[in-house]
There are 2 protein chains.
Amino acid sequence: MMRKITIVDVAREAGVSISTVSRVINQNTPVAAETAQRVWEVIERLQFNPNAAARKLASKRTNTIGLIVPMIGGTFFPLMFSGIERGVYEGGFELLVYVSPCHPVPNRPLTPPIGPQNTDGLIVFTEGMSDEDLSALHAKGFPLVLLHRSSPRECEIPYVTVENRLGTEQLIDHLIEVHGYTQIGFLRGPAGNEDSYEREQGFRASLQKHGIEPDETFFGVGNFHPETAAEAVRLILSSGKRPQAIFTGDDASAAAVMKTLIEMGISIPDDIAIVGFDDDFLAPYLPVPLTTVHSPIEEAGYRAARLLIQQIRGEKVESLVLPTHLVIRRSCGCIASHST
Amino acid sequence: MMRKITIVDVAREAGVSISTVSRVINQNTPVAAETAQRVWEVIERLQFNPNAAARKLASKRTNTIGLIVPMIGGTFFPLMFSGIERGVYEGGFELLVYVSPCHPVPNRPLTPPIGPQNTDGLIVFTEGMSDEDLSALHAKGFPLVLLHRSSPRECEIPYVTVENRLGTEQLIDHLIEVHGYTQIGFLRGPAGNEDSYEREQGFRASLQKHGIEPDETFFGVGNFHPETAAEAVRLILSSGKRPQAIFTGDDASAAAVMKTLIEMGISIPDDIAIVGFDDDFLAPYLPVPLTTVHSPIEEAGYRAARLLIQQIRGEKVESLVLPTHLVIRRSCGCIASHST
DNA sequence: CTGAAAGCGCTTACAG
DNA sequence: CTGAAAGCGCTTACAG
């Protein structure tokens, strides 16, 4: 690696002080047009890249946003990620990502790899960080935005979520009002998962609105995990009672549930209708195209980044609940003319 | 934000010099056990977090690895990502991610957001960076690892790829030898995509080995993009000739192709067999469980991170081509007893 | 509009 | 084993 070009080299070549070079780069102080011109030329010619660490140290801003996500699979990760990236780079920031392990990892340093020491603020996705850690950071005045999770009770951290409750309610309304189903199964997500809790609220609201008593036999635990969801459905069916429709929790689980039912010789949607949540890109391609709720994943990521940057800039921000909408395909029993 | 605790605070409280505190943290110079003990206690009590920028500036190492990926969807992103993360944090590094835009973005600074100015080395995924940029960085002695892409001709950059050629050859061998197919379709990926090129080589090798002349009518362009793949298959069928089997390029495309064929009333695998590549988590859940080639996505990411860290440490490294293997389910015509 | 100088918070020879 | 001091490459009041 050849010797790095520094601001001193640029200053010397351009015949100005390093202060001036700095001002040209940062464009935060007026500089004579011709001086600036000359400096830019030298920068180009020398291929000068300001040292990021030095800038951060001197300016006391890291210009970096941290993202904490728990180790998840799932197909919506890339979408969420690209939304966040879009917001981060649009604002001129860098992005530091930390995937928090599900299980404790040996030799991991006490300090989490991202925090105030190397970022100006953090986007925390779902269960990526504990309530206590969040509250502690927030108490220090460190900018934070929660994604797909609302604020811990003790404090008020801005968040971006989607309309889980209403979306699910509309979905179940459709099953009841259009198809006349009254026996509807519901698979919960992981314990404590907020998306799942809200979806269940929407589910129950719809039933109640239509005077339908929820049947506890038809509740299962899918954990937003395909295999687990399939197992939960097998368990429900082993009760001897058969629901007319099942809300699987999310789309990936719907895929596994469909497979299991089909293997059991149960026809979808004739014997049992299946619905999901997310409108994953694979939803149209399942054995029976999936009726589901569209969730604005990319948009949510983008908005989270913007909200965080506004906070870093000292602006006041409001939490956001983004709208969702029903996407009708065939797995609910509708005959959609085309199904994308 | 309250005043940050610095190394000076720790030194004062512990009654030592900042040099000693630094040594305790970095554990790179012997320190008396009791001194170290005392310093650690103060660090804990004060919740001291060393400023990352200052460390980087003083040590001239960023302790950060950069990852460049083009804007992609696809389900294997999370897997690849978690493998990379695993390698990066295991080595005690941070990870800076940059998603390079498909289309030019306005207001983007000339300097790419990650490079020698803020990382010790880069993992470059497929088309994330141009050959010229790669060569230029490599010429400067900057550590680089390519992921799912081999080195530009001009230089020798270490890479991690998977056995696309052999994997595809075994897959096609299976179609020919077990099922007796001779009319086999092939969907190409994006122009210039190396994975696709190698898969085509494997495809042609298998045909040749069995004395089968490839039929150009049966080649199409799927671009590893579900809709495009489905369209390509429609085009092939509109020729009037019908292949006995189709290799769709990847699993996501297989999903879309299946959907299209089923809508056309074509039965899988009886009328046309469908096979893919990747062994995506959704492969077992398609309308007909997919026969495909398993690609070690997570492992490849992990290995890329390790290879890069070895380079940064000045060790000699070898490129890696990871093995793939055939996964037989039902879409090829086999009756698998169980299909996960 | 521009420069000289202090300072950001660490690491690391150097000396002891 | 430990400390005093230089220095990493920038930014930013301060002065002119």
# chains A, B, ... in the order shown; residues from 1 in each chain; ligands from 1
>>> interface_residues(of="chain D", to="chain A", cutoff="7 Å", atoms="only C-alpha atoms (C1' of nucleotides)", output="list in words")
DG9, DC10 and DT11 of chain D
>>> write_last_selection(atoms="N, CA and C atoms (P, O5', C5', C4', C3', O3' and C1' of nucleotides)", output="mmCIF file, in the first residue's frame")
data_model
loop_
_atom_site.group_PDB
_atom_site.id
_atom_site.type_symbol
_atom_site.label_atom_id
_atom_site.label_comp_id
_atom_site.auth_asym_id
_atom_site.auth_seq_id
_atom_site.Cartn_x
_atom_site.Cartn_y
_atom_site.Cartn_z
ATOM 1 P P DG D 9 -1.531 10.327 8.670
ATOM 2 O "O5'" DG D 9 -2.849 11.196 8.464
ATOM 3 C "C5'" DG D 9 -4.086 10.527 8.457
ATOM 4 C "C4'" DG D 9 -5.173 11.556 8.595
ATOM 5 C "C3'" DG D 9 -5.088 12.724 7.604
ATOM 6 O "O3'" DG D 9 -6.393 12.968 7.136
ATOM 7 C "C1'" DG D 9 -5.254 13.556 9.766
ATOM 8 P P DC D 10 -6.691 13.793 5.820
ATOM 9 O "O5'" DC D 10 -8.184 14.231 6.136
ATOM 10 C "C5'" DC D 10 -8.479 15.547 6.581
ATOM 11 C "C4'" DC D 10 -9.169 15.474 7.917
ATOM 12 C "C3'" DC D 10 -9.936 16.738 8.244
ATOM 13 O "O3'" DC D 10 -11.296 16.533 7.851
ATOM 14 C "C1'" DC D 10 -8.572 16.063 10.085
ATOM 15 P P DT D 11 -12.217 17.825 7.569
ATOM 16 O "O5'" DT D 11 -12.453 18.432 9.030
ATOM 17 C "C5'" DT D 11 -13.287 17.757 9.949
ATOM 18 C "C4'" DT D 11 -13.495 18.638 11.161
ATOM 19 C "C3'" DT D 11 -14.231 19.947 10.878
ATOM 20 O "O3'" DT D 11 -15.079 20.165 11.992
ATOM 21 C "C1'" DT D 11 -12.128 20.437 11.826
#
>>> residues_around(residues="DA4 in chain D", least_positions_apart="2", cutoff="10 Å", atoms="only C-alpha atoms (C1' of nucleotides)", output="list in words")
Ser17 and Ser19 of chain B; DC14 and DA15 of chain C; DA6 of chain D
>>> residues_around(residues="Ala205 in chain B", least_positions_apart="4", cutoff="10 Å", atoms="only C-alpha atoms (C1' of nucleotides)", output="list in words")
Arg165, Leu166, Thr168, Glu169, Gln170, Ile172, Asp173, Arg199, Glu200, Gln201, Lys209, His210, Gly211 and Ile212 of chain B
>>> select_by_dssp(residues="range 185-260 of chain A", states="helix (DSSP H, G or I)", output="MDAnalysis selection string")
chainID A and resid 194:209 216:218 226:238 251:260
>>> interface_residues(of="chain B", to="chain A", cutoff="7 Å", atoms="only C-alpha atoms", output="NGL selection string")
:B and (1-2 or 49-54 or 56-57 or 73 or 75 or 77-79 or 85 or 94-97 or 99 or 113 or 117-118 or 140-142 or 255-256 or 259 or 285-287)
>>> write_last_selection(atoms="C-alpha atoms", output="PDB file, in the first residue's frame")
ATOM      1  CA  MET B   1     -25.973  13.669  25.450  1.00  0.00           C
ATOM      2  CA  MET B   2     -23.847  13.833  28.583  1.00  0.00           C
ATOM      3  CA  ASN B  49     -16.284   2.965  25.518  1.00  0.00           C
ATOM      4  CA  PRO B  50     -13.152   3.865  23.600  1.00  0.00           C
ATOM      5  CA  ASN B  51     -13.831   6.256  20.752  1.00  0.00           C
ATOM      6  CA  ALA B  52     -13.629   4.213  17.596  1.00  0.00           C
ATOM      7  CA  ALA B  53     -12.482   7.059  15.351  1.00  0.00           C
ATOM      8  CA  ALA B  54      -9.625   7.964  17.660  1.00  0.00           C
ATOM      9  CA  LYS B  56      -8.545   4.058  14.106  1.00  0.00           C
ATOM     10  CA  LEU B  57      -6.696   7.289  13.545  1.00  0.00           C
ATOM     11  CA  GLY B  73     -33.609  -8.935  -4.024  1.00  0.00           C
ATOM     12  CA  THR B  75     -33.873 -14.856  -0.738  1.00  0.00           C
ATOM     13  CA  PHE B  77     -29.173 -12.400   0.722  1.00  0.00           C
ATOM     14  CA  PRO B  78     -29.886 -12.955   4.433  1.00  0.00           C
ATOM     15  CA  LEU B  79     -27.982 -16.231   4.394  1.00  0.00           C
ATOM     16  CA  GLU B  85     -21.199 -11.232   9.713  1.00  0.00           C
ATOM     17  CA  GLU B  94     -16.726  -4.194  12.201  1.00  0.00           C
ATOM     18  CA  LEU B  95     -18.730  -4.379   8.994  1.00  0.00           C
ATOM     19  CA  LEU B  96     -19.579  -1.462   6.779  1.00  0.00           C
ATOM     20  CA  VAL B  97     -22.089  -2.232   4.055  1.00  0.00           C
ATOM     21  CA  VAL B  99     -25.405  -1.353  -1.576  1.00  0.00           C
ATOM     22  CA  PRO B 113     -18.821   5.445   0.455  1.00  0.00           C
ATOM     23  CA  GLN B 117     -10.433   5.648   3.649  1.00  0.00           C
ATOM     24  CA  ASN B 118     -12.656   3.775   6.067  1.00  0.00           C
ATOM     25  CA  LYS B 140      -2.495  -0.284  -4.513  1.00  0.00           C
ATOM     26  CA  GLY B 141      -2.172  -3.401  -2.407  1.00  0.00           C
ATOM     27  CA  PHE B 142      -5.595  -2.975  -0.835  1.00  0.00           C
ATOM     28  CA  ALA B 255     -41.282 -20.734  -8.799  1.00  0.00           C
ATOM     29  CA  ALA B 256     -42.518 -18.335 -11.457  1.00  0.00           C
ATOM     30  CA  LYS B 259     -46.856 -20.994 -11.863  1.00  0.00           C
ATOM     31  CA  TYR B 285     -42.754 -25.418  -0.718  1.00  0.00           C
ATOM     32  CA  LEU B 286     -43.311 -24.825  -4.410  1.00  0.00           C
ATOM     33  CA  PRO B 287     -46.400 -26.356  -6.028  1.00  0.00           C
TER      34      PRO B 287
END
>>> residues_around(residues="DT2 in chain C", least_positions_apart="3", cutoff="10 Å", atoms="only C-alpha atoms (C1' of nucleotides)", output="ChimeraX atom specification")
/A:16-17,19-20,31-32 /D:16
>>> select_by_dssp(residues="range 47-291 of chain A", states="strand (DSSP E or B)", output="PyMOL selection string")
chain A and resi 64-70+94-100+121-125+144-147+159-162+184-188+219-221+245-247+273-275+278+291
>>> closest_residue(among="A:Phe224, A:Gly167, A:Phe218, A:Arg12", to="Gly202 in chain A", atoms="only C-alpha atoms")
A:Gly167
>>> closest_residue(among="A:Gly240, A:Gly91, A:Gly314, A:Pro323", to="His294 in chain A", atoms="only C-alpha atoms")
A:Pro323
>>> closest_residue(among="B:Thr35, B:Gln244, B:Ser150, B:Ser331", to="DC1 in chain D", atoms="only C-alpha atoms (C1' of nucleotides)")
B:Thr35
>>> decode(residues="range 3-15 of chain D", atoms="N, CA and C atoms (P, O5', C5', C4', C3', O3' and C1' of nucleotides)", output="CSV table (one decimal), in the first residue's frame")
chain,number,residue,atom,x,y,z
D,3,DG,P,1.9,4.7,35.2
D,3,DG,O5',2.8,5.8,34.5
D,3,DG,C5',4.0,6.3,35.2
D,3,DG,C4',4.7,7.2,34.3
D,3,DG,C3',3.8,8.3,33.6
D,3,DG,O3',4.5,9.6,33.7
D,3,DG,C1',5.0,7.1,31.9
D,4,DA,P,3.8,10.9,33.5
D,4,DA,O5',4.8,11.6,32.4
D,4,DA,C5',6.2,11.3,32.3
D,4,DA,C4',6.8,11.9,31.1
D,4,DA,C3',6.1,13.2,30.6
D,4,DA,O3',7.1,13.9,29.9
D,4,DA,C1',5.8,11.4,29.1
D,5,DA,P,6.6,15.2,29.0
D,5,DA,O5',6.5,14.5,27.6
D,5,DA,C5',7.7,13.8,27.0
D,5,DA,C4',7.5,13.6,25.5
D,5,DA,C3',6.8,14.7,24.8
D,5,DA,O3',7.3,14.8,23.5
D,5,DA,C1',5.5,12.8,24.6
D,6,DA,P,7.0,16.0,22.5
D,6,DA,O5',7.0,15.3,21.1
D,6,DA,C5',7.8,14.1,20.9
D,6,DA,C4',7.1,13.3,19.9
D,6,DA,C3',6.4,14.1,18.7
D,6,DA,O3',6.7,13.5,17.5
D,6,DA,C1',4.8,12.7,19.7
D,7,DG,P,6.4,14.2,16.1
D,7,DG,O5',5.1,13.4,15.7
D,7,DG,C5',5.1,11.9,15.8
D,7,DG,C4',3.8,11.4,15.4
D,7,DG,C3',3.1,12.3,14.4
D,7,DG,O3',2.5,11.5,13.4
D,7,DG,C1',1.7,12.0,16.3
D,8,DC,P,2.1,12.0,12.0
D,8,DC,O5',0.9,11.1,11.6
D,8,DC,C5',0.8,9.7,12.0
D,8,DC,C4',-0.7,9.4,12.2
D,8,DC,C3',-1.6,10.2,11.3
D,8,DC,O3',-1.9,9.6,10.1
D,8,DC,C1',-2.4,10.0,13.6
D,9,DG,P,-1.5,10.3,8.7
D,9,DG,O5',-2.8,11.2,8.5
D,9,DG,C5',-4.1,10.5,8.5
D,9,DG,C4',-5.2,11.6,8.6
D,9,DG,C3',-5.1,12.7,7.6
D,9,DG,O3',-6.4,13.0,7.1
D,9,DG,C1',-5.3,13.6,9.8
D,10,DC,P,-6.7,13.8,5.8
D,10,DC,O5',-8.2,14.2,6.1
D,10,DC,C5',-8.5,15.5,6.6
D,10,DC,C4',-9.2,15.5,7.9
D,10,DC,C3',-9.9,16.7,8.2
D,10,DC,O3',-11.3,16.5,7.9
D,10,DC,C1',-8.6,16.1,10.1
D,11,DT,P,-12.2,17.8,7.6
D,11,DT,O5',-12.5,18.4,9.0
D,11,DT,C5',-13.3,17.8,9.9
D,11,DT,C4',-13.5,18.6,11.2
D,11,DT,C3',-14.2,19.9,10.9
D,11,DT,O3',-15.1,20.2,12.0
D,11,DT,C1',-12.1,20.4,11.8
D,12,DT,P,-16.3,21.2,11.9
D,12,DT,O5',-15.9,22.3,12.9
D,12,DT,C5',-15.2,22.0,14.1
D,12,DT,C4',-14.6,23.3,14.7
D,12,DT,C3',-15.3,24.6,14.2
D,12,DT,O3',-15.3,25.5,15.3
D,12,DT,C1',-13.0,24.7,13.7
D,13,DA,P,-16.6,26.2,15.8
D,13,DA,O5',-16.3,27.7,15.6
D,13,DA,C5',-16.4,28.5,16.7
D,13,DA,C4',-15.1,28.5,17.6
D,13,DA,C3',-14.6,29.9,17.9
D,13,DA,O3',-14.1,30.0,19.2
D,13,DA,C1',-13.0,28.7,16.6
D,14,DC,P,-14.0,31.5,19.8
D,14,DC,O5',-12.7,32.1,19.1
D,14,DC,C5',-11.4,31.5,19.4
D,14,DC,C4',-10.4,32.3,18.6
D,14,DC,C3',-10.7,33.8,18.5
D,14,DC,O3',-9.5,34.5,19.0
D,14,DC,C1',-10.1,32.9,16.4
D,15,DA,P,-9.7,36.1,19.1
D,15,DA,O5',-8.7,36.6,18.0
D,15,DA,C5',-7.5,35.9,17.7
D,15,DA,C4',-6.9,36.3,16.4
D,15,DA,C3',-7.1,37.8,16.1
D,15,DA,O3',-5.8,38.3,15.7
D,15,DA,C1',-7.9,36.5,14.3
